[in-house]
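structure39.pdb (PDB, C-alpha atoms) appears below.
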MODEL        1
ATOM      1  CA  MET A   1     -12.376 -15.507 -23.176
ATOM      2  CA  ILE A   2     -14.791 -12.584 -23.257
ATOM      3  CA  ASP A   3     -13.806  -9.750 -25.587
ATOM      4  CA  VAL A   4     -13.846  -6.452 -23.661
ATOM      5  CA  ARG A   5     -14.713  -4.525 -26.821
ATOM      6  CA  ARG A   6     -17.900  -6.558 -27.190
ATOM      7  CA  LEU A   7     -18.726  -5.873 -23.544
ATOM      8  CA  ARG A   8     -18.531  -2.165 -24.342
ATOM      9  CA  LEU A   9     -20.929  -2.716 -27.205
ATOM     10  CA  LEU A  10     -23.381  -4.527 -24.892
ATOM     11  CA  ARG A  11     -23.243  -1.654 -22.441
ATOM     12  CA  GLU A  12     -23.877   0.808 -25.258
ATOM     13  CA  LEU A  13     -26.907  -1.195 -26.327
ATOM     14  CA  ASP A  14     -28.223  -1.044 -22.780
ATOM     15  CA  CYS A  15     -27.827   2.751 -22.834
ATOM     16  CA  ARG A  16     -29.198   3.337 -26.372
ATOM     17  CA  GLY A  17     -32.053   0.824 -26.286
ATOM     18  CA  THR A  18     -31.922  -0.367 -29.904
ATOM     19  CA  VAL A  19     -29.412  -1.975 -32.237
ATOM     20  CA  ALA A  20     -29.908   0.835 -34.751
ATOM     21  CA  ALA A  21     -29.194   3.576 -32.210
ATOM     22  CA  THR A  22     -26.163   1.659 -30.933
ATOM     23  CA  ALA A  23     -24.833   1.245 -34.479
ATOM     24  CA  ALA A  24     -25.289   4.950 -35.206
ATOM     25  CA  ALA A  25     -23.511   5.978 -31.983
ATOM     26  CA  LEU A  26     -20.542   3.716 -32.703
ATOM     27  CA  HIS A  27     -20.441   4.407 -36.466
ATOM     28  CA  LEU A  28     -21.141   0.765 -37.275
ATOM     29  CA  THR A  29     -23.807  -0.962 -39.307
ATOM     30  CA  PRO A  30     -26.697  -2.655 -37.457
ATOM     31  CA  SER A  31     -25.543  -5.939 -38.962
ATOM     32  CA  ALA A  32     -22.055  -5.519 -37.504
ATOM     33  CA  VAL A  33     -23.525  -4.774 -34.065
ATOM     34  CA  SER A  34     -25.728  -7.866 -34.214
ATOM     35  CA  GLN A  35     -22.805 -10.063 -35.260
ATOM     36  CA  GLN A  36     -20.619  -8.781 -32.402
ATOM     37  CA  LEU A  37     -23.368  -9.337 -29.851
ATOM     38  CA  ALA A  38     -23.922 -12.863 -31.137
ATOM     39  CA  ALA A  39     -20.181 -13.530 -30.781
ATOM     40  CA  LEU A  40     -20.306 -12.196 -27.199
ATOM     41  CA  ALA A  41     -23.153 -14.591 -26.398
ATOM     42  CA  ARG A  42     -21.064 -17.498 -27.672
ATOM     43  CA  GLU A  43     -18.068 -16.350 -25.605
ATOM     44  CA  SER A  44     -20.118 -16.007 -22.420
ATOM     45  CA  GLY A  45     -22.071 -19.219 -23.018
ATOM     46  CA  VAL A  46     -25.456 -17.689 -22.210
ATOM     47  CA  PRO A  47     -28.159 -15.920 -24.265
ATOM     48  CA  LEU A  48     -27.813 -12.157 -23.954
ATOM     49  CA  LEU A  49     -30.731 -10.867 -26.062
ATOM     50  CA  ASP A  50     -34.414 -11.684 -26.385
ATOM     51  CA  GLN A  51     -36.218 -10.711 -29.559
ATOM     52  CA  VAL A  52     -39.192  -8.439 -28.835
ATOM     53  CA  GLY A  53     -40.939  -7.620 -32.070
ATOM     54  CA  ARG A  54     -38.446  -5.748 -34.243
ATOM     55  CA  ASN A  55     -36.323  -4.836 -31.211
ATOM     56  CA  VAL A  56     -34.242  -6.743 -28.695
ATOM     57  CA  ARG A  57     -34.186  -6.813 -24.919
ATOM     58  CA  LEU A  58     -31.303  -7.739 -22.603
ATOM     59  CA  THR A  59     -31.749 -11.051 -20.787
ATOM     60  CA  PRO A  60     -31.225 -11.413 -17.017
ATOM     61  CA  ALA A  61     -27.907 -13.088 -17.826
ATOM     62  CA  ALA A  62     -26.871 -10.008 -19.799
ATOM     63  CA  ARG A  63     -27.688  -7.859 -16.755
ATOM     64  CA  VAL A  64     -25.404 -10.028 -14.608
ATOM     65  CA  LEU A  65     -22.664  -9.706 -17.186
ATOM     66  CA  LEU A  66     -23.056  -5.938 -17.325
ATOM     67  CA  ARG A  67     -22.629  -5.637 -13.552
ATOM     68  CA  HIS A  68     -19.249  -7.323 -13.914
ATOM     69  CA  ALA A  69     -18.515  -5.232 -16.985
ATOM     70  CA  ASP A  70     -18.802  -2.025 -15.009
ATOM     71  CA  GLU A  71     -16.091  -3.279 -12.620
ATOM     72  CA  ILE A  72     -13.968  -4.416 -15.537
ATOM     73  CA  PHE A  73     -14.181  -1.039 -17.266
ATOM     74  CA  ALA A  74     -13.413   0.800 -14.023
ATOM     75  CA  GLN A  75     -10.335  -1.372 -13.509
ATOM     76  CA  LEU A  76      -9.222  -0.753 -17.081
ATOM     77  CA  GLU A  77      -9.544   2.983 -16.469
ATOM     78  CA  ARG A  78      -7.360   2.639 -13.389
ATOM     79  CA  ALA A  79      -4.846   0.585 -15.370
ATOM     80  CA  GLU A  80      -4.667   3.249 -18.076
ATOM     81  CA  ALA A  81      -4.169   5.953 -15.433
ATOM     82  CA  ASP A  82      -1.414   3.922 -13.782
ATOM     83  CA  LEU A  83       0.319   3.374 -17.111
ATOM     84  CA  ALA A  84       0.197   7.097 -17.806
ATOM     85  CA  ALA A  85       1.647   7.775 -14.341
ATOM     86  CA  PHE A  86       4.321   5.145 -14.909
ATOM     87  CA  ASP A  87       5.213   6.737 -18.229
ATOM     88  CA  ALA A  88       5.554  10.079 -16.440
ATOM     89  CA  GLY A  89       7.745   8.540 -13.734
ATOM     90  CA  ARG A  90       5.242   9.059 -10.948
ATOM     91  CA  ILE A  91       4.822   5.359 -10.082
ATOM     92  CA  GLY A  92       6.762   2.132 -10.437
ATOM     93  CA  PRO A  93       8.783  -0.334  -8.350
ATOM     94  CA  VAL A  94      12.483   0.277  -7.670
ATOM     95  CA  THR A  95      14.724  -2.070  -5.672
ATOM     96  CA  ILE A  96      17.992  -0.643  -4.307
ATOM     97  CA  SER A  97      20.925  -2.351  -2.642
ATOM     98  CA  ALA A  98      23.107  -0.366  -0.267
ATOM     99  CA  PHE A  99      25.479  -0.874   2.653
ATOM    100  CA  PRO A 100      24.462   0.360   6.119
ATOM    101  CA  THR A 101      26.106   3.799   6.205
ATOM    102  CA  ALA A 102      24.837   4.586   2.710
ATOM    103  CA  ILE A 103      21.338   3.605   3.829
ATOM    104  CA  VAL A 104      21.621   5.945   6.829
ATOM    105  CA  GLY A 105      23.298   8.864   5.079
ATOM    106  CA  ILE A 106      21.891   8.770   1.532
ATOM    107  CA  VAL A 107      19.164   6.230   0.806
ATOM    108  CA  ALA A 108      16.854   6.914   3.750
ATOM    109  CA  PRO A 109      16.901  10.712   3.200
ATOM    110  CA  ALA A 110      16.248  10.145  -0.513
ATOM    111  CA  ILE A 111      13.235   7.969   0.296
ATOM    112  CA  GLU A 112      11.840  10.654   2.594
ATOM    113  CA  ARG A 113      12.074  13.173  -0.218
ATOM    114  CA  LEU A 114      10.545  10.797  -2.767
ATOM    115  CA  ARG A 115       7.546  10.247  -0.515
ATOM    116  CA  GLU A 116       6.791  13.922  -1.013
ATOM    117  CA  THR A 117       7.629  14.244  -4.699
ATOM    118  CA  HIS A 118       6.846  10.751  -6.053
ATOM    119  CA  PRO A 119       4.605   8.955  -3.537
ATOM    120  CA  GLY A 120       3.642   6.334  -6.122
ATOM    121  CA  ILE A 121       7.173   4.964  -6.477
ATOM    122  CA  ASP A 122       7.422   1.714  -4.502
ATOM    123  CA  ILE A 123      10.980   1.402  -3.155
ATOM    124  CA  THR A 124      12.507  -1.738  -1.655
ATOM    125  CA  ILE A 125      15.911  -1.646   0.086
ATOM    126  CA  VAL A 126      18.203  -4.656   0.505
ATOM    127  CA  ASP A 127      21.583  -4.770   2.245
ATOM    128  CA  VAL A 128      23.686  -6.628  -0.321
ATOM    129  CA  MET A 129      27.387  -6.177  -0.954
ATOM    130  CA  PRO A 130      29.483  -6.870  -4.072
ATOM    131  CA  PRO A 131      29.826  -9.046  -6.001
ATOM    132  CA  ASP A 132      26.331 -10.314  -5.181
ATOM    133  CA  CYS A 133      24.667  -6.958  -5.811
ATOM    134  CA  TYR A 134      25.987  -6.874  -9.380
ATOM    135  CA  ASP A 135      24.791 -10.404 -10.088
ATOM    136  CA  MET A 136      21.359  -9.365  -8.798
ATOM    137  CA  LEU A 137      21.494  -6.179 -10.862
ATOM    138  CA  ILE A 138      22.112  -8.108 -14.081
ATOM    139  CA  GLY A 139      19.497 -10.689 -13.107
ATOM    140  CA  GLY A 140      16.855  -7.987 -12.673
ATOM    141  CA  GLU A 141      16.435  -8.539  -8.918
ATOM    142  CA  LEU A 142      17.871  -5.054  -8.341
ATOM    143  CA  ASP A 143      17.390  -1.801 -10.216
ATOM    144  CA  LEU A 144      20.143   0.229  -8.507
ATOM    145  CA  ALA A 145      23.191  -0.631  -6.424
ATOM    146  CA  CYS A 146      24.862   1.900  -4.123
ATOM    147  CA  ASP A 147      28.476   0.838  -3.785
ATOM    148  CA  PHE A 148      32.084   1.972  -3.719
ATOM    149  CA  VAL A 149      33.654   2.994  -7.018
ATOM    150  CA  SER A 150      36.631   0.781  -6.151
ATOM    151  CA  THR A 151      34.460  -2.359  -6.260
ATOM    152  CA  HIS A 152      32.460  -1.432  -9.357
ATOM    153  CA  PRO A 153      32.860  -4.003 -12.179
ATOM    154  CA  ASP A 154      34.668  -2.590 -15.178
ATOM    155  CA  ASP A 155      32.496  -3.859 -18.025
ATOM    156  CA  GLY A 156      29.947  -2.518 -20.440
ATOM    157  CA  ARG A 157      26.891  -3.959 -18.729
ATOM    158  CA  PHE A 158      26.751  -1.209 -16.112
ATOM    159  CA  GLU A 159      26.803   2.543 -15.899
ATOM    160  CA  THR A 160      27.838   4.470 -12.799
ATOM    161  CA  ILE A 161      26.709   7.809 -11.403
ATOM    162  CA  GLY A 162      28.919   9.367  -8.740
ATOM    163  CA  LEU A 163      27.376  10.210  -5.375
ATOM    164  CA  LEU A 164      30.014  11.578  -3.002
ATOM    165  CA  ASP A 165      33.561  11.330  -1.672
ATOM    166  CA  ASP A 166      33.306  10.118   1.921
ATOM    167  CA  LEU A 167      36.245  11.199   4.093
ATOM    168  CA  PHE A 168      37.589   9.221   7.040
ATOM    169  CA  ASP A 169      38.226  10.792  10.446
ATOM    170  CA  VAL A 170      40.108   9.312  13.377
ATOM    171  CA  ALA A 171      38.300   8.375  16.585
ATOM    172  CA  LEU A 172      40.461   8.619  19.701
ATOM    173  CA  PRO A 173      39.951   8.153  23.441
ATOM    174  CA  ARG A 174      39.332  11.574  24.969
ATOM    175  CA  ASP A 175      42.531  11.359  27.060
ATOM    176  CA  HIS A 176      44.689  10.496  24.029
ATOM    177  CA  PRO A 177      47.682  12.900  23.594
ATOM    178  CA  LEU A 178      46.569  13.758  20.046
ATOM    179  CA  ALA A 179      42.975  14.489  21.015
ATOM    180  CA  CYS A 180      43.807  18.146  21.629
ATOM    181  CA  LEU A 181      44.897  18.727  18.010
ATOM    182  CA  ASP A 182      42.623  20.292  15.414
ATOM    183  CA  ARG A 183      43.934  17.872  12.787
ATOM    184  CA  VAL A 184      45.903  14.653  12.984
ATOM    185  CA  SER A 185      48.148  13.085  10.360
ATOM    186  CA  LEU A 186      48.072   9.355   9.777
ATOM    187  CA  ALA A 187      51.829   9.238  10.285
ATOM    188  CA  GLN A 188      51.273  10.319  13.893
ATOM    189  CA  LEU A 189      49.126   7.205  14.377
ATOM    190  CA  ALA A 190      51.638   4.648  13.146
ATOM    191  CA  ASP A 191      52.269   3.086  16.567
ATOM    192  CA  GLU A 192      48.645   2.803  17.650
ATOM    193  CA  ASP A 193      46.487  -0.261  18.109
ATOM    194  CA  TYR A 194      43.654  -0.192  15.574
ATOM    195  CA  ILE A 195      40.065  -1.330  15.626
ATOM    196  CA  ALA A 196      39.132  -2.165  12.044
ATOM    197  CA  SER A 197      36.393  -3.794  10.038
ATOM    198  CA  ARG A 198      36.498  -7.400   8.918
ATOM    199  CA  ALA A 199      38.874  -8.727   6.292
ATOM    200  CA  GLY A 200      37.658  -8.281   2.738
ATOM    201  CA  THR A 201      35.559  -5.167   3.393
ATOM    202  CA  ALA A 202      36.057  -2.015   1.354
ATOM    203  CA  CYS A 203      36.496   0.067   4.524
ATOM    204  CA  LEU A 204      39.424  -2.082   5.586
ATOM    205  CA  GLN A 205      41.056  -1.886   2.158
ATOM    206  CA  ILE A 206      40.739   1.904   2.083
ATOM    207  CA  MET A 207      42.183   2.203   5.595
ATOM    208  CA  LEU A 208      45.132  -0.065   4.725
ATOM    209  CA  ALA A 209      45.824   1.890   1.540
ATOM    210  CA  GLY A 210      45.759   5.205   3.404
ATOM    211  CA  CYS A 211      48.149   3.924   6.068
ATOM    212  CA  ALA A 212      50.465   2.546   3.377
ATOM    213  CA  VAL A 213      50.668   5.991   1.776
ATOM    214  CA  ALA A 214      51.570   7.372   5.212
ATOM    215  CA  GLY A 215      54.417   4.850   5.411
ATOM    216  CA  PHE A 216      53.202   2.164   7.801
ATOM    217  CA  ALA A 217      51.001  -0.912   8.174
ATOM    218  CA  PRO A 218      48.453  -0.543  11.000
ATOM    219  CA  ARG A 219      48.581  -2.913  13.941
ATOM    220  CA  ILE A 220      45.035  -4.267  14.005
ATOM    221  CA  ARG A 221      44.074  -5.662  17.402
ATOM    222  CA  HIS A 222      40.286  -5.773  17.177
ATOM    223  CA  ARG A 223      37.706  -6.125  14.420
ATOM    224  CA  SER A 224      34.096  -5.052  14.294
ATOM    225  CA  ASP A 225      31.710  -3.885  11.610
ATOM    226  CA  ASP A 226      29.444  -2.184  14.145
ATOM    227  CA  PHE A 227      30.026   1.457  15.049
ATOM    228  CA  PRO A 228      28.584   1.324  18.586
ATOM    229  CA  ALA A 229      30.919  -1.591  19.324
ATOM    230  CA  VAL A 230      33.872   0.329  17.857
ATOM    231  CA  LEU A 231      33.120   3.402  19.988
ATOM    232  CA  SER A 232      32.790   1.222  23.080
ATOM    233  CA  LEU A 233      36.169  -0.369  22.437
ATOM    234  CA  ILE A 234      37.782   3.045  21.918
ATOM    235  CA  ALA A 235      36.219   4.326  25.148
ATOM    236  CA  ALA A 236      37.628   1.267  26.923
ATOM    237  CA  GLY A 237      41.142   2.135  25.728
ATOM    238  CA  CYS A 238      41.418  -0.749  23.265
ATOM    239  CA  GLY A 239      42.730   1.374  20.405
ATOM    240  CA  ILE A 240      41.709   3.913  17.777
ATOM    241  CA  ALA A 241      39.688   3.681  14.568
ATOM    242  CA  LEU A 242      39.190   5.422  11.247
ATOM    243  CA  ILE A 243      35.507   6.286  10.823
ATOM    244  CA  PRO A 244      33.860   7.301   7.513
ATOM    245  CA  ARG A 245      32.139  10.647   7.881
ATOM    246  CA  LEU A 246      28.945   9.384   6.241
ATOM    247  CA  ALA A 247      28.296   7.450   9.454
ATOM    248  CA  GLY A 248      27.269  10.800  10.957
ATOM    249  CA  LEU A 249      28.974  10.244  14.309
ATOM    250  CA  CYS A 250      30.003  13.010  16.712
ATOM    251  CA  SER A 251      32.381  13.150  19.644
ATOM    252  CA  THR A 252      31.059  11.700  22.906
ATOM    253  CA  ASP A 253      32.078  12.320  26.488
ATOM    254  CA  ARG A 254      34.686   9.542  26.163
ATOM    255  CA  VAL A 255      35.584   9.466  22.455
ATOM    256  CA  VAL A 256      36.611  12.361  20.194
ATOM    257  CA  LEU A 257      36.666  12.489  16.409
ATOM    258  CA  ARG A 258      39.364  14.489  14.681
ATOM    259  CA  PRO A 259      39.808  15.235  10.968
ATOM    260  CA  LEU A 260      42.880  13.826   9.274
ATOM    261  CA  VAL A 261      45.392  15.963   7.369
ATOM    262  CA  ASP A 262      45.321  13.670   4.315
ATOM    263  CA  PRO A 263      42.266  11.507   4.951
ATOM    264  CA  PRO A 264      41.533   8.255   3.159
ATOM    265  CA  VAL A 265      38.491   8.617   0.935
ATOM    266  CA  ARG A 266      35.889   6.124  -0.164
ATOM    267  CA  ARG A 267      34.147   7.190  -3.355
ATOM    268  CA  LEU A 268      30.494   6.218  -3.543
ATOM    269  CA  ALA A 269      28.423   5.713  -6.658
ATOM    270  CA  VAL A 270      25.142   4.203  -7.763
ATOM    271  CA  ALA A 271      25.309   1.540 -10.473
ATOM    272  CA  LEU A 272      22.541   0.437 -12.811
ATOM    273  CA  ARG A 273      22.146  -1.672 -15.918
ATOM    274  CA  ARG A 274      23.297   0.282 -18.932
ATOM    275  CA  GLY A 275      20.323   1.927 -20.605
ATOM    276  CA  SER A 276      17.879   1.214 -17.767
ATOM    277  CA  GLY A 277      18.151   4.719 -16.327
ATOM    278  CA  GLY A 278      15.881   6.053 -19.075
ATOM    279  CA  ALA A 279      12.815   4.706 -17.247
ATOM    280  CA  PRO A 280      11.299   7.832 -15.642
ATOM    281  CA  HIS A 281      10.646   6.255 -12.223
ATOM    282  CA  ARG A 282      14.243   4.995 -11.970
ATOM    283  CA  ALA A 283      15.554   8.363 -13.133
ATOM    284  CA  ALA A 284      13.552  10.051 -10.349
ATOM    285  CA  VAL A 285      15.115   7.753  -7.740
ATOM    286  CA  VAL A 286      18.632   8.341  -9.074
ATOM    287  CA  ARG A 287      18.066  12.120  -8.912
ATOM    288  CA  ALA A 288      16.874  11.779  -5.323
ATOM    289  CA  LEU A 289      19.964   9.742  -4.378
ATOM    290  CA  VAL A 290      22.299  12.290  -5.998
ATOM    291  CA  ASP A 291      20.533  15.169  -4.242
ATOM    292  CA  ALA A 292      20.663  13.373  -0.875
ATOM    293  CA  ALA A 293      24.372  12.658  -1.357
ATOM    294  CA  ARG A 294      25.085  16.320  -2.090
ATOM    295  CA  LEU A 295      23.216  17.361   1.033
ATOM    296  CA  ALA A 296      25.099  14.767   3.092
ATOM    297  CA  GLU A 297      28.418  15.997   1.733
ATOM    298  CA  ALA A 298      27.522  19.614   2.444
ATOM    299  CA  ALA A 299      26.327  18.759   5.948
ATOM    300  CA  ALA A 300      29.341  16.615   6.877
ATOM    301  CA  PRO A 301      30.190  17.846  10.373
ATOM    302  CA  LEU A 302      33.053  20.227  10.958
ATOM    303  CA  LEU A 303      34.419  18.280  13.864
ATOM    304  CA  PRO A 304      34.625  20.062  17.222
ATOM    305  CA  GLY A 305      37.609  21.039  19.291
ATOM    306  CA  ILE A 306      38.385  18.944  22.350
ATOM    307  CA  CYS A 307      36.321  21.093  24.717
ATOM    308  CA  PRO A 308      33.426  21.128  24.463
ATOM    309  CA  PRO A 309      32.257  18.574  21.867
ATOM    310  CA  VAL A 310      29.509  19.668  19.514
ATOM    311  CA  ALA A 311      27.283  16.830  20.671
ATOM    312  CA  VAL A 312      27.541  14.302  23.463
ATOM    313  CA  ARG A 313      25.990  10.941  22.754
ATOM    314  CA  PRO A 314      26.304   7.922  25.001
ATOM    315  CA  VAL A 315      28.633   5.255  23.692
ATOM    316  CA  GLY A 316      26.519   2.648  21.955
ATOM    317  CA  ALA A 317      23.678   5.046  21.134
ATOM    318  CA  GLN A 318      24.439   5.186  17.421
ATOM    319  CA  PRO A 319      22.385   2.884  15.218
ATOM    320  CA  ALA A 320      24.852   2.976  12.313
ATOM    321  CA  ALA A 321      27.097   0.079  11.405
ATOM    322  CA  LEU A 322      30.327  -0.173   9.524
ATOM    323  CA  ALA A 323      29.813  -0.903   5.861
TER     324      ALA A 323
ENDMDL
END

So that I can check it, write out the structure of this file as structure tokens.
Amino acid sequence: MIDVRRLRLLRELDCRGTVAATAAALHLTPSAVSQQLAALARESGVPLLDQVGRNVRLTPAARVLLRHADEIFAQLERAEADLAAFDAGRIGPVTISAFPTAIVGIVAPAIERLRETHPGIDITIVDVMPPDCYDMLIGGELDLACDFVSTHPDDGRFETIGLLDDLFDVALPRDHPLACLDRVSLAQLADEDYIASRAGTACLQIMLAGCAVAGFAPRIRHRSDDFPAVLSLIAAGCGIALIPRLAGLCSTDRVVLRPLVDPPVRRLAVALRRGSGGAPHRAAVVRALVDAARLAEAAAPLLPGICPPVAVRPVGAQPAALA
């Protein structure tokens, strides 16, 4: 293995011309310089110096080595610059897990902002749900996990930073008797057919808990984790659905969204390994997620009255999916 420090000494000799001048420039003795150059020759396996009278001259092999040395030193300079940037939080890899609506409403806007403020941070997004995301977090495959507070493990390995409280609204067919109301109570929806997400999902558990508080168990007729499919089923008269506001949906020409009097809430947070948030690049990403969540919460639509809707989008046009 070639010692980089000895390569620097060889380059200095090439610049200074003599061992004595090289020793003086580096505050070494001529003997120490000669010993280091001899060691470099042994490491490289080729003669590096020819004796010319009382001076030395670099061999052709030494010239070849110096050409590589210049690239090596340039790369070391880049490495030092990258380490300084990493230490300042300007670069570094960060892998985030999130469910679809969090990706749409929080993570993607945060990434857009980070591209402006921290373009050197390399972010990877994976759609992984609990408990797998927490296993990956502990295993180092993830740095951050956007999840629901209700599914966050209660142990000392993790710390949690709150993002937002995501309210649920009710989506109704436009000709539904309650569609003309400014607000709807869950109790008024006790006899409806429901379109809900799959068993075991956090959205379903939150919906069931909200209905239980209102005094009934919903009659679930259809299940889908995809918002365009849910809107299509509502438009076809198959039932109603509770939609988290983070999905960013608006009323269409066939489906209306109405706020609930006492809406179910899903509380979102970002989890990370305890103590890992001190890394500047991770801290920058967490700040961006918190800022994006605050903007999403502030921009949550004030849902329109029945006529006219704020925005008309064809059923099936939304790219979001139920988390």

Can you turn the PyMOL selection byres ((chain A and resi 62-66) around 10) into a concrete residue list for this file, as a compact mmCIF listing (two decimals) with C-alpha atoms, in the coordinates of the input?
# COMPACT_ATOMS: atom_id res chain seq x y z
CA LEU A 7 -18.73 -5.87 -23.54
CA ARG A 8 -18.53 -2.16 -24.34
CA LEU A 10 -23.38 -4.53 -24.89
CA ARG A 11 -23.24 -1.65 -22.44
CA ASP A 14 -28.22 -1.04 -22.78
CA ALA A 41 -23.15 -14.59 -26.40
CA SER A 44 -20.12 -16.01 -22.42
CA VAL A 46 -25.46 -17.69 -22.21
CA PRO A 47 -28.16 -15.92 -24.26
CA LEU A 48 -27.81 -12.16 -23.95
CA LEU A 49 -30.73 -10.87 -26.06
CA ARG A 57 -34.19 -6.81 -24.92
CA LEU A 58 -31.30 -7.74 -22.60
CA THR A 59 -31.75 -11.05 -20.79
CA PRO A 60 -31.22 -11.41 -17.02
CA ALA A 61 -27.91 -13.09 -17.83
CA ARG A 67 -22.63 -5.64 -13.55
CA HIS A 68 -19.25 -7.32 -13.91
CA ALA A 69 -18.52 -5.23 -16.98
CA ASP A 70 -18.80 -2.02 -15.01
CA GLU A 71 -16.09 -3.28 -12.62
CA ILE A 72 -13.97 -4.42 -15.54

Item to check | Near-range 258-273 of chain A list (7 Å; only C-alpha atoms; drop same-chain fewer than 2 positions) as an MDAnalysis selection string | outcome: chainID A and resid 137:138 143:149 157:171 182:186 206:207 210 256 275:276 303

Checklist entry - Quick one: distance from CA of Gly237 in chain A to CA of Pro177 in chain A in Å, one decimal? => result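 The value is 12.8 Å.
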
Item to check | Nearest residue to Ala39 in chain A from the set A:Asp87, A:Asp3, A:Asp253, A:Asp175 (distances using only C-alpha atoms) | outcome: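 Under the stated criterion, the closest residue is A:Asp3.
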
Checklist outcome for this item: CA of Glu297 in chain A to CA of Ala217 in chain A measures 28.9 Å

Next on the checklist: Could you tell me, as a VMD selection string, exactly which residues end up selected when the PyMOL selection byres ((chain A and resi 117) around 12) is applied to this structure?
Outcome noted: chain A and resid 89 to 91 110 to 116 118 to 121 281 284 to 285 287 to 288

Next on the checklist: Between A:Ile106, A:Thr201, A:Asp154, A:Met129, which residue has the minimum interatomic distance to Asp291 in chain A, considering only C-alpha atoms?
Outcome noted: A:Ile106

Checklist entry - In Å to one decimal, how far is CA of Ile103 in chain A from CA of Arg174 in chain A? => result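 CA of Ile103 in chain A lies 28.9 Å from CA of Arg174 in chain A.
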
Box for range 111-130 of chain A: with edges along x, y and z, all listed atoms inside and 8 Å added on each side, what are the centre and edge lengths in Å to one decimal, as JSON?
{"center_x": 16.6, "center_y": 3.7, "center_z": -1.9, "size_x": 41.8, "size_y": 37.1, "size_z": 25.1}

Item to check | Nearest-residue call for Ser224 in chain A, choices A:Ala79, A:Ala300, A:Ala20, A:Ile195, using all atoms listed in the file | outcome: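 Looking only at the distances to Ser224 in chain A, the closest residue turns out to be A:Ile195.
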
Next on the checklist: Please enumerate the residues selected by the PyMOL selection byres ((chain A and resi 95) around 8) when evaluated against the supplied file, formatted as a list in words.
Outcome noted: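 In the shown coordinates, the PyMOL selection byres ((chain A and resi 95) around 8) covers Pro93, Val94, Ile96, Ser97, Ile123, Thr124, Ile125, Val126, Glu141, Leu142, Asp143 and Leu144 of chain A.
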
Next on the checklist: Between A:Ala190, A:Ala32, A:Leu40, A:Ala102, which residue has the minimum interatomic distance to Gly248 in chain A, considering all atoms listed in the file?
Outcome noted: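 Of all the options, A:Ala102 lies closest to Gly248 in chain A.
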
Checklist entry - Which residues, written as a VMD selection string, have at least one atom at most 12 Å from Ala199 in chain A, with only C-alpha atoms counted and residues fewer than 3 positions away on the same chain left out? => result chain A and resid 195 to 196 202 to 208 220 222 to 225 323

Item to check | Minimum-distance residue to Phe227 in chain A, chosen among A:Gly92, A:Gly105, A:Gly215, A:Pro100 (using all atoms listed in the file) | outcome: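 Smallest distance to Phe227 in chain A is found for A:Pro100.
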
Next on the checklist: With all atoms listed in the file as the counted atoms, please give the residues lying no more than 12 Å from Gln35 in chain A, apart from itself and same-chain residues fewer than 6 positions off, as a list in words.
Outcome noted: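 Those residues are Arg6, Leu9, Leu10, Val19, Ala23, Leu28, Thr29, Ala41 and Arg42 of chain A.
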
Next on the checklist: From the options A:Arg16, A:Arg282, A:Gly156, A:Ile234, which residue's atoms come nearest to Asp122 in chain A, counting only C-alpha atoms?
Outcome noted: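 So, comparing all the options, the nearest one is A:Arg282.
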
Checklist entry - If we count only C-alpha atoms, what is near Leu189 in chain A at a cut-off of 10 Å, once residues fewer than 4 positions away on the same chain are taken out, given as a list in words? => result Val170, Leu178, Val184, Ser185, Asp193, Tyr194, Cys211, Ala214, Phe216, Pro218 and Ile240 of chain A
